[in-house]
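Source file: model39.tsv. Holds: TSV, C-alpha atoms and all ligand atoms.
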```
chain	number	residue	atom	x	y	z
A	115	MET	CA	-58.21	113.92	178.42
A	116	LEU	CA	-56.53	115.22	181.56
A	117	LEU	CA	-58.24	117.26	184.24
A	118	ILE	CA	-55.66	119.83	185.32
A	119	LYS	CA	-56.04	121.88	188.49
A	120	CYS	CA	-55.09	125.48	187.76
A	121	PRO	CA	-53.79	127.01	191.03
A	122	TRP	CA	-56.32	129.84	190.56
A	123	CYS	CA	-59.27	128.42	188.59
A	124	GLY	CA	-59.39	124.87	189.90
A	125	ASP	CA	-60.09	121.77	187.80
A	126	ARG	CA	-60.29	122.51	184.09
A	127	ASP	CA	-60.20	120.46	180.94
A	128	GLU	CA	-56.81	119.78	179.36
A	129	HIS	CA	-57.72	121.62	176.16
A	130	GLU	CA	-57.74	124.93	178.06
A	131	PHE	CA	-54.00	124.54	178.74
A	132	SER	CA	-50.78	124.63	176.77
A	133	TYR	CA	-47.66	122.70	177.67
A	134	GLY	CA	-44.44	124.58	178.39
A	135	GLY	CA	-41.85	121.83	178.77
A	136	GLU	CA	-39.55	121.05	181.67
A	137	ALA	CA	-39.76	123.39	184.66
A	138	HIS	CA	-37.00	124.98	186.75
A	139	ILE	CA	-34.51	125.56	183.95
A	140	VAL	CA	-32.47	128.57	184.96
A	141	ARG	CA	-30.95	130.81	182.32
A	142	PRO	CA	-27.17	131.00	182.86
A	143	ARG	CA	-26.12	134.32	184.37
A	144	ASP	CA	-23.19	134.90	182.00
A	145	PRO	CA	-23.95	133.14	178.72
A	146	GLU	CA	-20.85	134.61	177.04
A	147	LYS	CA	-18.62	132.71	179.46
A	148	LEU	CA	-20.13	129.33	178.56
A	149	THR	CA	-18.68	126.84	176.12
A	150	ASP	CA	-20.84	125.91	173.14
A	151	ASP	CA	-21.52	122.58	174.81
A	152	GLN	CA	-22.74	124.23	178.00
A	153	TRP	CA	-24.93	126.64	176.03
A	154	ALA	CA	-26.37	123.81	173.94
A	155	ASP	CA	-27.06	121.92	177.16
A	156	TYR	CA	-29.07	124.89	178.50
A	157	LEU	CA	-30.92	125.45	175.23
A	158	PHE	CA	-31.72	121.95	174.06
A	159	MET	CA	-31.02	119.19	176.53
A	160	ARG	CA	-34.03	118.15	178.59
A	161	LYS	CA	-34.80	115.35	181.01
A	162	ASN	CA	-36.92	112.58	179.64
A	163	PRO	CA	-37.83	110.59	182.73
A	164	LYS	CA	-40.03	107.56	182.93
A	165	GLY	CA	-42.09	108.63	185.93
A	166	ALA	CA	-42.40	111.91	187.82
A	167	HIS	CA	-41.64	114.99	185.72
A	168	LEU	CA	-41.73	118.64	186.78
A	169	GLU	CA	-43.12	120.72	183.95
A	170	ARG	CA	-44.72	124.05	183.13
A	171	TRP	CA	-48.26	124.58	181.88
A	172	VAL	CA	-50.16	127.75	181.04
A	173	HIS	CA	-53.92	128.18	181.46
A	174	ALA	CA	-54.18	129.60	177.94
A	175	HIS	CA	-57.97	129.64	177.62
A	176	GLY	CA	-58.53	130.63	181.24
A	177	CYS	CA	-56.63	133.01	183.50
A	178	ARG	CA	-53.54	132.86	181.25
A	179	ARG	CA	-51.14	132.20	184.15
A	180	TRP	CA	-48.12	129.88	184.04
A	181	PHE	CA	-47.66	127.33	186.80
A	182	ASN	CA	-45.84	124.09	187.55
A	183	VAL	CA	-47.13	120.54	187.47
A	184	GLU	CA	-45.64	117.24	188.59
A	185	ARG	CA	-46.90	114.61	186.20
A	186	ASP	CA	-46.10	110.92	185.86
A	187	THR	CA	-45.02	110.43	182.26
A	188	VAL	CA	-46.20	106.81	182.29
A	189	THR	CA	-49.66	107.14	183.82
A	190	HIS	CA	-50.22	110.90	183.24
A	191	ALA	CA	-51.31	111.11	186.88
A	192	ILE	CA	-50.78	114.66	188.14
A	193	THR	CA	-49.33	114.43	191.64
A	194	ALA	CA	-48.74	118.14	192.39
A	195	VAL	CA	-49.58	121.60	191.13
A	196	TYR	CA	-47.71	124.67	192.41
A	197	LYS	CA	-47.21	128.29	191.44
A	198	MET	CA	-44.21	129.64	189.59
A	199	ASN	CA	-42.56	131.09	192.69
A	200	GLU	CA	-43.07	127.95	194.78
A	201	LYS	CA	-40.73	125.04	195.38
A	202	PRO	CA	-41.43	121.60	193.95
A	203	PRO	CA	-43.06	119.14	196.37
A	204	ARG	CA	-40.66	117.21	198.62
A	205	SER	CA	-41.93	113.90	197.33
A	206	SER	CA	-40.57	114.72	193.90
A	207	LYS	CA	-37.68	112.53	192.80
A	208	THR	CA	-36.65	114.70	189.86
B	1080	MET	CA	-65.01	156.25	170.28
B	1081	ALA	CA	-66.39	156.07	166.75
B	1082	LYS	CA	-68.90	158.70	165.68
B	1083	ASP	CA	-72.40	157.42	166.36
B	1084	TYR	CA	-73.51	157.42	162.74
B	1085	LEU	CA	-70.59	155.19	161.75
B	1086	ARG	CA	-70.87	152.93	164.72
B	1087	GLN	CA	-72.03	149.36	164.31
B	1088	SER	CA	-72.20	146.66	166.91
B	1089	ALA	CA	-70.39	143.40	166.25
B	1090	LEU	CA	-73.60	141.61	165.20
B	1091	ALA	CA	-75.26	144.54	163.39
B	1092	HIS	CA	-75.10	142.64	160.08
B	1093	LEU	CA	-77.55	140.05	161.48
B	1094	HIS	CA	-80.25	142.74	161.87
B	1095	LEU	CA	-81.33	141.27	165.18
B	1096	ALA	CA	-83.61	144.22	165.91
B	1097	ALA	CA	-85.84	143.13	163.03
B	1098	LEU	CA	-86.09	139.59	164.47
B	1099	GLY	CA	-86.44	140.49	168.12
B	1100	VAL	CA	-89.53	140.18	170.25
B	1101	ASP	CA	-90.37	141.81	173.57
B	1102	ASP	CA	-91.95	138.76	175.15
B	1103	PRO	CA	-90.27	135.42	174.37
B	1104	ASP	CA	-93.30	133.53	175.63
B	1105	GLY	CA	-92.52	129.86	176.12
B	1106	ALA	CA	-89.05	129.92	174.57
B	1107	GLY	CA	-86.61	127.67	176.43
B	1108	VAL	CA	-83.69	129.80	175.31
B	1109	VAL	CA	-83.55	133.53	174.73
B	1110	LEU	CA	-80.69	135.27	172.94
B	1111	CYS	CA	-79.78	138.89	172.33
B	1112	GLU	CA	-76.80	141.01	171.59
B	1113	ARG	CA	-75.77	143.41	174.33
B	1114	PRO	CA	-74.03	146.02	172.22
B	1115	PHE	CA	-72.07	149.10	173.16
B	1116	ARG	CA	-70.73	148.73	176.65
B	1117	GLY	CA	-67.57	150.31	177.91
B	1118	GLN	CA	-64.90	147.72	178.70
B	1119	LEU	CA	-61.66	148.49	180.51
B	1120	SER	CA	-58.74	146.21	181.14
B	1121	LEU	CA	-57.26	146.80	184.59
B	1122	ARG	CA	-53.92	145.38	185.73
B	1123	GLY	CA	-52.35	145.82	189.15
B	1124	ASN	CA	-51.05	144.04	192.23
B	1125	SER	CA	-53.94	142.69	194.29
B	1126	ALA	CA	-51.64	142.29	197.30
B	1127	ASP	CA	-50.97	146.04	197.33
B	1128	HIS	CA	-53.48	147.76	199.65
B	1129	GLU	CA	-52.97	151.14	198.00
B	1130	PHE	CA	-53.93	149.72	194.63
B	1131	VAL	CA	-56.93	147.79	195.98
B	1132	GLU	CA	-58.25	150.77	197.91
B	1133	GLY	CA	-57.61	153.19	195.05
B	1134	VAL	CA	-59.70	151.05	192.71
B	1135	GLN	CA	-62.47	150.68	195.30
B	1136	GLY	CA	-62.52	154.43	195.84
B	1137	VAL	CA	-63.14	155.16	192.16
B	1138	LEU	CA	-65.50	152.30	191.30
B	1139	GLY	CA	-67.45	152.15	194.53
B	1140	VAL	CA	-66.76	148.44	194.51
B	1141	GLY	CA	-63.55	146.51	194.95
B	1142	ALA	CA	-61.92	144.47	192.22
B	1143	PRO	CA	-62.85	140.86	193.12
B	1144	LEU	CA	-59.91	139.04	194.67
B	1145	ASP	CA	-61.40	135.54	194.61
B	1146	PRO	CA	-60.71	133.79	191.29
B	1147	ASN	CA	-63.57	133.72	188.81
B	1148	THR	CA	-65.93	135.99	190.71
B	1149	VAL	CA	-67.67	139.25	189.81
B	1150	ASN	CA	-68.36	142.38	191.85
B	1151	VAL	CA	-71.20	144.65	190.82
B	1152	ALA	CA	-72.05	148.12	192.11
B	1153	GLY	CA	-74.75	150.12	190.38
B	1154	ASN	CA	-73.99	150.00	186.68
B	1155	ILE	CA	-70.32	149.00	187.09
B	1156	THR	CA	-69.32	145.35	186.81
B	1157	VAL	CA	-65.83	144.11	187.63
B	1158	LEU	CA	-64.89	140.61	186.45
B	1159	TRP	CA	-61.88	138.63	187.67
B	1160	LEU	CA	-59.66	137.59	184.76
B	1161	GLY	CA	-56.49	136.70	186.63
B	1162	PRO	CA	-54.76	137.33	189.98
B	1163	ASN	CA	-53.64	140.75	188.69
B	1164	GLU	CA	-56.11	141.36	185.89
B	1165	TRP	CA	-59.75	142.47	185.73
B	1166	LEU	CA	-62.33	143.57	183.18
B	1167	ILE	CA	-64.40	146.61	184.17
B	1168	VAL	CA	-67.69	146.94	182.30
B	1169	THR	CA	-69.53	150.27	182.21
B	1170	PRO	CA	-72.54	151.74	180.45
B	1171	ASP	CA	-71.78	153.09	177.01
B	1172	GLY	CA	-70.00	156.42	177.04
B	1173	GLN	CA	-68.62	156.27	180.57
B	1174	GLU	CA	-65.43	154.41	179.72
B	1175	THR	CA	-63.23	157.36	178.78
B	1176	GLU	CA	-64.02	159.28	181.93
B	1177	LEU	CA	-63.50	156.19	184.06
B	1178	VAL	CA	-60.03	155.60	182.60
B	1179	GLU	CA	-59.13	159.16	183.59
B	1180	ARG	CA	-60.51	158.80	187.10
B	1181	ILE	CA	-58.70	155.51	187.70
B	1182	SER	CA	-55.47	156.92	186.27
B	1183	ASP	CA	-55.72	159.97	188.54
B	1184	ALA	CA	-56.52	157.92	191.64
B	1185	LEU	CA	-53.66	155.48	191.06
B	1186	ALA	CA	-51.13	158.03	189.79
B	1187	GLY	CA	-47.60	157.02	190.76
B	1188	GLN	CA	-48.54	153.40	191.37
B	1189	HIS	CA	-47.65	150.33	189.31
B	1190	PHE	CA	-50.83	149.65	187.34
B	1191	ALA	CA	-52.32	149.77	183.85
B	1192	VAL	CA	-55.81	150.65	182.70
B	1193	SER	CA	-56.77	150.49	179.02
B	1194	ASP	CA	-59.99	151.08	177.14
B	1195	VAL	CA	-60.74	147.80	175.31
B	1196	SER	CA	-64.41	148.53	174.53
B	1197	ASP	CA	-65.57	146.79	171.36
B	1198	SER	CA	-62.73	144.27	171.50
B	1199	ARG	CA	-65.31	141.78	172.67
B	1200	ALA	CA	-68.90	141.39	171.60
B	1201	ILE	CA	-71.35	140.52	174.36
B	1202	ILE	CA	-74.14	138.02	173.80
B	1203	GLY	CA	-76.94	137.72	176.34
B	1204	LEU	CA	-78.30	134.21	176.93
B	1205	THR	CA	-81.15	133.32	179.24
B	1206	GLY	CA	-84.01	130.86	179.63
B	1207	ILE	CA	-84.59	127.60	181.47
B	1208	HIS	CA	-82.41	125.74	178.92
B	1209	ALA	CA	-79.61	128.33	178.74
B	1210	ARG	CA	-77.31	126.09	180.75
B	1211	ASP	CA	-78.05	123.11	178.50
B	1212	VAL	CA	-77.02	125.16	175.49
B	1213	LEU	CA	-73.67	126.11	177.02
B	1214	MET	CA	-73.02	122.56	178.16
B	1215	LYS	CA	-73.03	121.43	174.54
B	1216	GLY	CA	-69.91	123.40	173.77
B	1217	CYS	CA	-68.14	124.18	177.01
B	1218	SER	CA	-66.21	121.89	179.35
B	1219	LEU	CA	-66.76	124.05	182.44
B	1220	ASP	CA	-68.73	122.57	185.32
B	1221	LEU	CA	-71.79	124.81	185.09
B	1222	HIS	CA	-73.80	123.05	187.79
B	1223	PRO	CA	-75.03	125.62	190.35
B	1224	ARG	CA	-72.86	124.07	193.06
B	1225	ALA	CA	-69.79	125.02	191.00
B	1226	PHE	CA	-70.93	128.01	188.94
B	1227	ASN	CA	-73.76	130.32	189.89
B	1228	ALA	CA	-74.89	133.94	189.93
B	1229	GLY	CA	-71.82	136.10	190.44
B	1230	SER	CA	-69.45	133.54	188.93
B	1231	CYS	CA	-67.37	134.24	185.87
B	1232	ALA	CA	-64.86	132.12	183.97
B	1233	GLN	CA	-62.78	132.23	180.88
B	1234	SER	CA	-62.97	129.03	178.91
B	1235	SER	CA	-63.84	127.92	175.43
B	1236	LEU	CA	-67.29	127.61	173.92
B	1237	ALA	CA	-67.50	125.76	170.62
B	1238	ARG	CA	-63.72	126.35	170.36
B	1239	CYS	CA	-64.03	130.14	170.82
B	1240	HIS	CA	-62.27	131.75	173.74
B	1241	VAL	CA	-65.07	133.20	175.88
B	1242	LEU	CA	-65.57	135.00	179.14
B	1243	LEU	CA	-68.73	133.72	180.77
B	1244	HIS	CA	-70.58	135.67	183.47
B	1245	GLN	CA	-73.63	134.19	185.18
B	1246	ILE	CA	-75.95	137.01	186.23
B	1247	ASN	CA	-78.84	135.23	187.93
B	1248	GLU	CA	-80.36	131.84	188.67
B	1249	ILE	CA	-82.65	131.54	185.65
B	1250	PRO	CA	-79.83	131.21	184.51
B	1251	THR	CA	-78.88	134.34	182.59
B	1252	TYR	CA	-75.40	134.70	181.16
B	1253	ASP	CA	-73.39	137.38	179.46
B	1254	ILE	CA	-71.03	135.73	176.99
B	1255	TYR	CA	-68.04	137.88	176.06
B	1256	VAL	CA	-66.46	136.72	172.83
B	1257	HIS	CA	-63.77	138.36	170.74
B	1258	ARG	CA	-65.41	140.48	168.10
B	1259	SER	CA	-64.13	138.54	165.09
B	1260	PHE	CA	-65.55	135.31	166.57
B	1261	SER	CA	-68.93	136.81	167.40
B	1262	ASP	CA	-70.72	135.93	164.15
B	1263	TYR	CA	-69.64	132.28	164.46
B	1264	ALA	CA	-70.46	132.19	168.19
B	1265	TRP	CA	-73.93	133.62	167.60
B	1266	ARG	CA	-74.73	131.15	164.83
B	1267	TRP	CA	-73.44	128.27	166.94
B	1268	LEU	CA	-75.66	129.40	169.84
B	1269	GLU	CA	-78.72	129.68	167.59
B	1270	ASP	CA	-78.10	126.17	166.28
B	1271	ALA	CA	-77.52	124.75	169.76
B	1272	ALA	CA	-80.65	126.48	171.08
B	1273	ARG	CA	-82.96	125.35	168.29
B	1274	GLU	CA	-84.10	122.10	169.91
B	1275	TYR	CA	-85.32	123.95	173.04
B	1276	GLY	CA	-87.29	126.55	171.10
B	1277	PHE	CA	-85.48	129.86	171.11
B	1278	ALA	CA	-86.37	133.49	170.66
B	1279	ILE	CA	-84.33	136.54	169.90
B	1280	ILE	CA	-85.33	139.24	172.30
B	1281	ASN	CA	-85.12	142.97	171.88
B	1282	GLN	CA	-82.14	144.23	173.72
B	1283	SER	CA	-84.29	146.70	175.64
B	1284	ALA	CA	-86.53	143.89	176.90
B	1285	ILE	CA	-84.04	141.35	178.23
B	1286	ASP	CA	-83.57	142.95	181.63
B	1287	VAL	CA	-87.34	143.17	182.13
B	1288	VAL	CA	-87.82	139.53	181.18
B	1289	THR	CA	-84.97	138.21	183.32
B	1290	GLN	CA	-86.12	140.17	186.35
B	1291	ARG	CA	-89.68	138.93	185.93
B	1292	SER	CA	-88.52	135.32	185.67
B	1293	THR	CA	-86.34	135.46	188.77
B	1294	ARG	CA	-89.39	136.37	190.81
B	1295	LYS	CA	-91.05	133.15	189.76
B	1296	GLU	CA	-89.85	129.89	191.17
B	1297	SER	CA	-86.27	129.39	190.17
B	1298	PRO	CA	-86.17	126.69	187.47
B	1299	VAL	CA	-82.66	125.50	188.34
B	1300	SER	CA	-82.55	121.74	188.21
B	1301	ALA	CA	-80.47	119.74	190.65
C	1401	ZN	ZN	-56.51	129.49	185.56
```

Before we go any further, please render this structure as structure tokens.
Amino acid sequence: MLLIKCPWCGDRDEHEFSYGGEAHIVRPRDPEKLTDDQWADYLFMRKNPKGAHLERWVHAHGCRRWFNVERDTVTHAITAVYKMNEKPPRSSKT
Amino acid sequence: MAKDYLRQSALAHLHLAALGVDDPDGAGVVLCERPFRGQLSLRGNSADHEFVEGVQGVLGVGAPLDPNTVNVAGNITVLWLGPNEWLIVTPDGQETELVERISDALAGQHFAVSDVSDSRAIIGLTGIHARDVLMKGCSLDLHPRAFNAGSCAQSSLARCHVLLHQINEIPTYDIYVHRSFSDYAWRWLEDAAREYGFAIINQSAIDVVTQRSTRKESPVSA
């Protein structure tokens, strides 16, 4: 069980949170100008790193806010937590 | 608001009034329903001074800006639910007027206030083993160094989404639980409390009992 630090509520049990997948995916400004391949890339293709991963979580059973987490996909160690409007930590390799 | 003669609290079917006592002498855990309170959902930008001051002007107390804290003034309680979201709790019957007063005071601003009374049932829990009962079903750190009088938190209790508010050091809690979960939550609490000896207290007596107990030596364990 992970202990996840909500930027507002502090350390809470993993079961209070839901996972939201890879963070920092920007919706294309003009989807109609994209090829099918480019659109499919935006919709479906995700990184699958072995190591540091920037991802979104929501504190579903707490304050119900979304935020970002940097988590090591091998060890599950959480190395950074930051709000939606904040930049990823410099240490991040992803 | 429903007409009084049709109105039933969330736990009315348990007939708690027939089981309640006025003096829960020796019980380690004391439970009651706290029915019929006005509850308002307030949304707004806490970084906007006009909004913050407008709310303070109407309520006589500011919306708490620190996460998971509660501000109380007179019979109005304001609980932090999120950085732009609060729950305002009022005595029964004052909620409609309060919505109007907040709406007037904040007119033209970006905000929302909605009457959500009766969406949540409120269960009162007190007694020297109240914390032990919650710890059986809740992963929050409830130790007084992390959670004490004036703290609130949304979490899960026995898999129900709850809003927990600690009122004093006995400890006494108000447990807000969505109405359709309230029967299950109550039965779970009764079962969890059984080993400590529990009593159901008359709703009119709980404030007297909790105030009397706080004057004694606080039984909070380290
Ligand atoms: Zn939170």

Taken to one decimal, the atom CA of Ala1264 of chain B-atom CA of Gly1105 of chain B distance is 23.6 Å

Could I get the residues of chain A with an atom no further than 9 Å from an atom of ligand ZN 1401 (chain C), each paired with its nearest atom pair and that distance in Å to one decimal, using all atoms listed in the file, sorted by chain and residue number, as JSON lines?
```
{"residue": "A:Lys119", "atom": "CA", "partner": "C:ZN1401", "partner_atom": "ZN", "distance": 8.2}
{"residue": "A:Cys120", "atom": "CA", "partner": "C:ZN1401", "partner_atom": "ZN", "distance": 4.8}
{"residue": "A:Pro121", "atom": "CA", "partner": "C:ZN1401", "partner_atom": "ZN", "distance": 6.6}
{"residue": "A:Trp122", "atom": "CA", "partner": "C:ZN1401", "partner_atom": "ZN", "distance": 5.0}
{"residue": "A:Cys123", "atom": "CA", "partner": "C:ZN1401", "partner_atom": "ZN", "distance": 4.2}
{"residue": "A:Gly124", "atom": "CA", "partner": "C:ZN1401", "partner_atom": "ZN", "distance": 7.0}
{"residue": "A:Asp125", "atom": "CA", "partner": "C:ZN1401", "partner_atom": "ZN", "distance": 8.8}
{"residue": "A:Arg126", "atom": "CA", "partner": "C:ZN1401", "partner_atom": "ZN", "distance": 8.1}
{"residue": "A:Glu130", "atom": "CA", "partner": "C:ZN1401", "partner_atom": "ZN", "distance": 8.9}
{"residue": "A:Phe131", "atom": "CA", "partner": "C:ZN1401", "partner_atom": "ZN", "distance": 8.8}
{"residue": "A:Val172", "atom": "CA", "partner": "C:ZN1401", "partner_atom": "ZN", "distance": 8.0}
{"residue": "A:His173", "atom": "CA", "partner": "C:ZN1401", "partner_atom": "ZN", "distance": 5.0}
{"residue": "A:Ala174", "atom": "CA", "partner": "C:ZN1401", "partner_atom": "ZN", "distance": 8.0}
{"residue": "A:His175", "atom": "CA", "partner": "C:ZN1401", "partner_atom": "ZN", "distance": 8.1}
{"residue": "A:Gly176", "atom": "CA", "partner": "C:ZN1401", "partner_atom": "ZN", "distance": 4.9}
{"residue": "A:Cys177", "atom": "CA", "partner": "C:ZN1401", "partner_atom": "ZN", "distance": 4.1}
{"residue": "A:Arg178", "atom": "CA", "partner": "C:ZN1401", "partner_atom": "ZN", "distance": 6.2}
{"residue": "A:Arg179", "atom": "CA", "partner": "C:ZN1401", "partner_atom": "ZN", "distance": 6.2}
{"residue": "A:Trp180", "atom": "CA", "partner": "C:ZN1401", "partner_atom": "ZN", "distance": 8.5}
```

Between B:Gly1206, B:Gly1229, B:Gly1276, B:Pro1146, smallest distance to chain A by all atoms listed in the file belongs to B:Pro1146

Exercise for the section: Starting from the point (-33.8, 122.3, 180.5), work out which residues of protein, DNA or RNA have an atom no more than 10 Å away when counting only C-alpha atoms; state them as a PyMOL selection string. Expected result: chain A and resi 135-141+155-161

Students should find that atom CA of Trp171 of chain A and atom CA of Ser1120 of chain B are spaced 24.0 Å

Take every atom of segment 1153-1166 of chain B listed in the file, fit an axis-aligned box around them, add 5 Å per side, and give the centre and edge lengths in Å to one decimal as AutoDock Vina command-line options.
```
--center_x -64.2 --center_y 143.4 --center_z 186.8 --size_x 31.1 --size_y 23.4 --size_z 17.2
```

inquiry  = Residues of chain B within 10 Å of chain A, counting all atoms listed in the file, what are they? List them as a list in words.
reply    =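 The contacting residues on chain B are Asp1145, Pro1146, Asn1147, Trp1159, Leu1160, Gly1161, Pro1162, Asn1163, Glu1164, Cys1217, Ser1218, Leu1219, Asp1220, Ala1232, Gln1233, Ser1234, Ser1235, Arg1238, Cys1239, His1240, Val1241 and Leu1242 of chain B.
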
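We find atom CA of Pro1143 of chain B and atom CA of Lys1215 of chain B to be spaced 28.7 Å apart.
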
Review point. Got a sec: who's within 10 Å of Gln1173 of chain B, counting all atoms listed in the file, leaving out chain neighbours fewer than 4 positions off, as a PyMOL selection string?
Key: chain B and resi 1116-1118+1155+1168-1169+1177-1178

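When all atoms listed in the file are used to compute distances to Glu1112 of chain B, the closest of the residues B:Ala1191, B:Ile1280, B:Ala1271, B:Ala1184 turns out to be B:Ile1280.
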
(Q) With distances taken over only C-alpha atoms, which residue among B:Leu1090, B:Leu1221, B:Ala1126, B:Leu1119 lies nearest Arg1258 of chain B? (A)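 Selected residue with least distance to Arg1258 of chain B: B:Leu1090.
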
**Nearby residues, (-80.4, 133.2, 168.1) file frame, 6 Å, only C-alpha atoms, as a ChimeraX atom specification** = /B:1110,1269,1279

Using only C-alpha atoms, determine which residues lie at most 9 Å from Ile1285 of chain B, disregarding the query and same-chain residues fewer than 2 positions distant; provide the list as a short mmCIF file (atom, residue, chain, number, x, y, z; two decimals) with C-alpha atoms, in the frame of the given file.
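File produced: out.cif:
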```cif
data_model
loop_
_atom_site.label_atom_id
_atom_site.label_comp_id
_atom_site.auth_asym_id
_atom_site.auth_seq_id
_atom_site.Cartn_x
_atom_site.Cartn_y
_atom_site.Cartn_z
CA ASP B 1101 -90.37 141.81 173.57
CA ASP B 1102 -91.95 138.76 175.15
CA VAL B 1109 -83.55 133.53 174.73
CA LEU B 1110 -80.69 135.27 172.94
CA CYS B 1111 -79.78 138.89 172.33
CA GLY B 1203 -76.94 137.72 176.34
CA THR B 1205 -81.15 133.32 179.24
CA ILE B 1280 -85.33 139.24 172.30
CA ASN B 1281 -85.12 142.97 171.88
CA GLN B 1282 -82.14 144.23 173.72
CA SER B 1283 -84.29 146.70 175.64
CA VAL B 1287 -87.34 143.17 182.13
CA VAL B 1288 -87.82 139.53 181.18
CA THR B 1289 -84.97 138.21 183.32
CA GLN B 1290 -86.12 140.17 186.35
#
```

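Comparing A:Pro202, A:Gly165, A:Pro142, A:Gly134 by their smallest distance to Thr189 of chain A, the closest is A:Gly165 (using all atoms listed in the file).
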
Test item: write segment 1213-1219 of chain B with all heavy atoms as a PDB file, in the first residue's frame:
```pdb
ATOM      1  N   LEU B1213     -13.044   4.524  15.541  1.00  0.00           N
ATOM      2  CA  LEU B1213     -12.758   5.025  14.194  1.00  0.00           C
ATOM      3  C   LEU B1213     -11.519   4.358  13.605  1.00  0.00           C
ATOM      4  O   LEU B1213     -11.465   4.060  12.410  1.00  0.00           O
ATOM      5  CB  LEU B1213     -12.555   6.549  14.228  1.00  0.00           C
ATOM      6  CG  LEU B1213     -13.796   7.371  14.541  1.00  0.00           C
ATOM      7  CD1 LEU B1213     -13.438   8.860  14.541  1.00  0.00           C
ATOM      8  CD2 LEU B1213     -14.899   7.105  13.529  1.00  0.00           C
ATOM      9  N   MET B1214     -10.532   4.111  14.475  1.00  0.00           N
ATOM     10  CA  MET B1214      -9.279   3.542  13.966  1.00  0.00           C
ATOM     11  C   MET B1214      -9.459   2.139  13.395  1.00  0.00           C
ATOM     12  O   MET B1214      -8.631   1.661  12.634  1.00  0.00           O
ATOM     13  CB  MET B1214      -8.226   3.530  15.086  1.00  0.00           C
ATOM     14  CG  MET B1214      -7.612   4.909  15.318  1.00  0.00           C
ATOM     15  SD  MET B1214      -6.712   5.038  16.868  1.00  0.00           S
ATOM     16  CE  MET B1214      -5.453   3.797  16.664  1.00  0.00           C
ATOM     17  N   LYS B1215     -10.561   1.493  13.763  1.00  0.00           N
ATOM     18  CA  LYS B1215     -10.802   0.160  13.198  1.00  0.00           C
ATOM     19  C   LYS B1215     -11.160   0.212  11.720  1.00  0.00           C
ATOM     20  O   LYS B1215     -11.016  -0.788  11.019  1.00  0.00           O
ATOM     21  CB  LYS B1215     -11.978  -0.501  13.935  1.00  0.00           C
ATOM     22  CG  LYS B1215     -11.694  -0.932  15.341  1.00  0.00           C
ATOM     23  CD  LYS B1215     -12.885  -1.752  15.814  1.00  0.00           C
ATOM     24  CE  LYS B1215     -12.850  -2.016  17.295  1.00  0.00           C
ATOM     25  NZ  LYS B1215     -13.979  -2.859  17.707  1.00  0.00           N
ATOM     26  N   GLY B1216     -11.674   1.357  11.273  1.00  0.00           N
ATOM     27  CA  GLY B1216     -12.178   1.377   9.902  1.00  0.00           C
ATOM     28  C   GLY B1216     -11.708   2.539   9.067  1.00  0.00           C
ATOM     29  O   GLY B1216     -12.222   2.765   7.969  1.00  0.00           O
ATOM     30  N   CYS B1217     -10.718   3.269   9.583  1.00  0.00           N
ATOM     31  CA  CYS B1217     -10.313   4.494   8.893  1.00  0.00           C
ATOM     32  C   CYS B1217      -8.797   4.581   8.887  1.00  0.00           C
ATOM     33  O   CYS B1217      -8.165   4.362   9.917  1.00  0.00           O
ATOM     34  CB  CYS B1217     -10.909   5.701   9.616  1.00  0.00           C
ATOM     35  SG  CYS B1217     -10.541   7.262   8.818  1.00  0.00           S
ATOM     36  N   SER B1218      -8.209   4.903   7.747  1.00  0.00           N
ATOM     37  CA  SER B1218      -6.751   4.917   7.651  1.00  0.00           C
ATOM     38  C   SER B1218      -6.145   6.268   8.021  1.00  0.00           C
ATOM     39  O   SER B1218      -4.932   6.422   7.988  1.00  0.00           O
ATOM     40  CB  SER B1218      -6.315   4.537   6.234  1.00  0.00           C
ATOM     41  OG  SER B1218      -6.799   5.502   5.319  1.00  0.00           O
ATOM     42  N   LEU B1219      -6.971   7.238   8.390  1.00  0.00           N
ATOM     43  CA  LEU B1219      -6.432   8.540   8.810  1.00  0.00           C
ATOM     44  C   LEU B1219      -5.587   8.396  10.064  1.00  0.00           C
ATOM     45  O   LEU B1219      -5.869   7.541  10.904  1.00  0.00           O
ATOM     46  CB  LEU B1219      -7.572   9.501   9.162  1.00  0.00           C
ATOM     47  CG  LEU B1219      -8.343  10.198   8.067  1.00  0.00           C
ATOM     48  CD1 LEU B1219      -9.440  11.022   8.709  1.00  0.00           C
ATOM     49  CD2 LEU B1219      -7.443  11.080   7.239  1.00  0.00           C
TER      50      LEU B1219
END
```
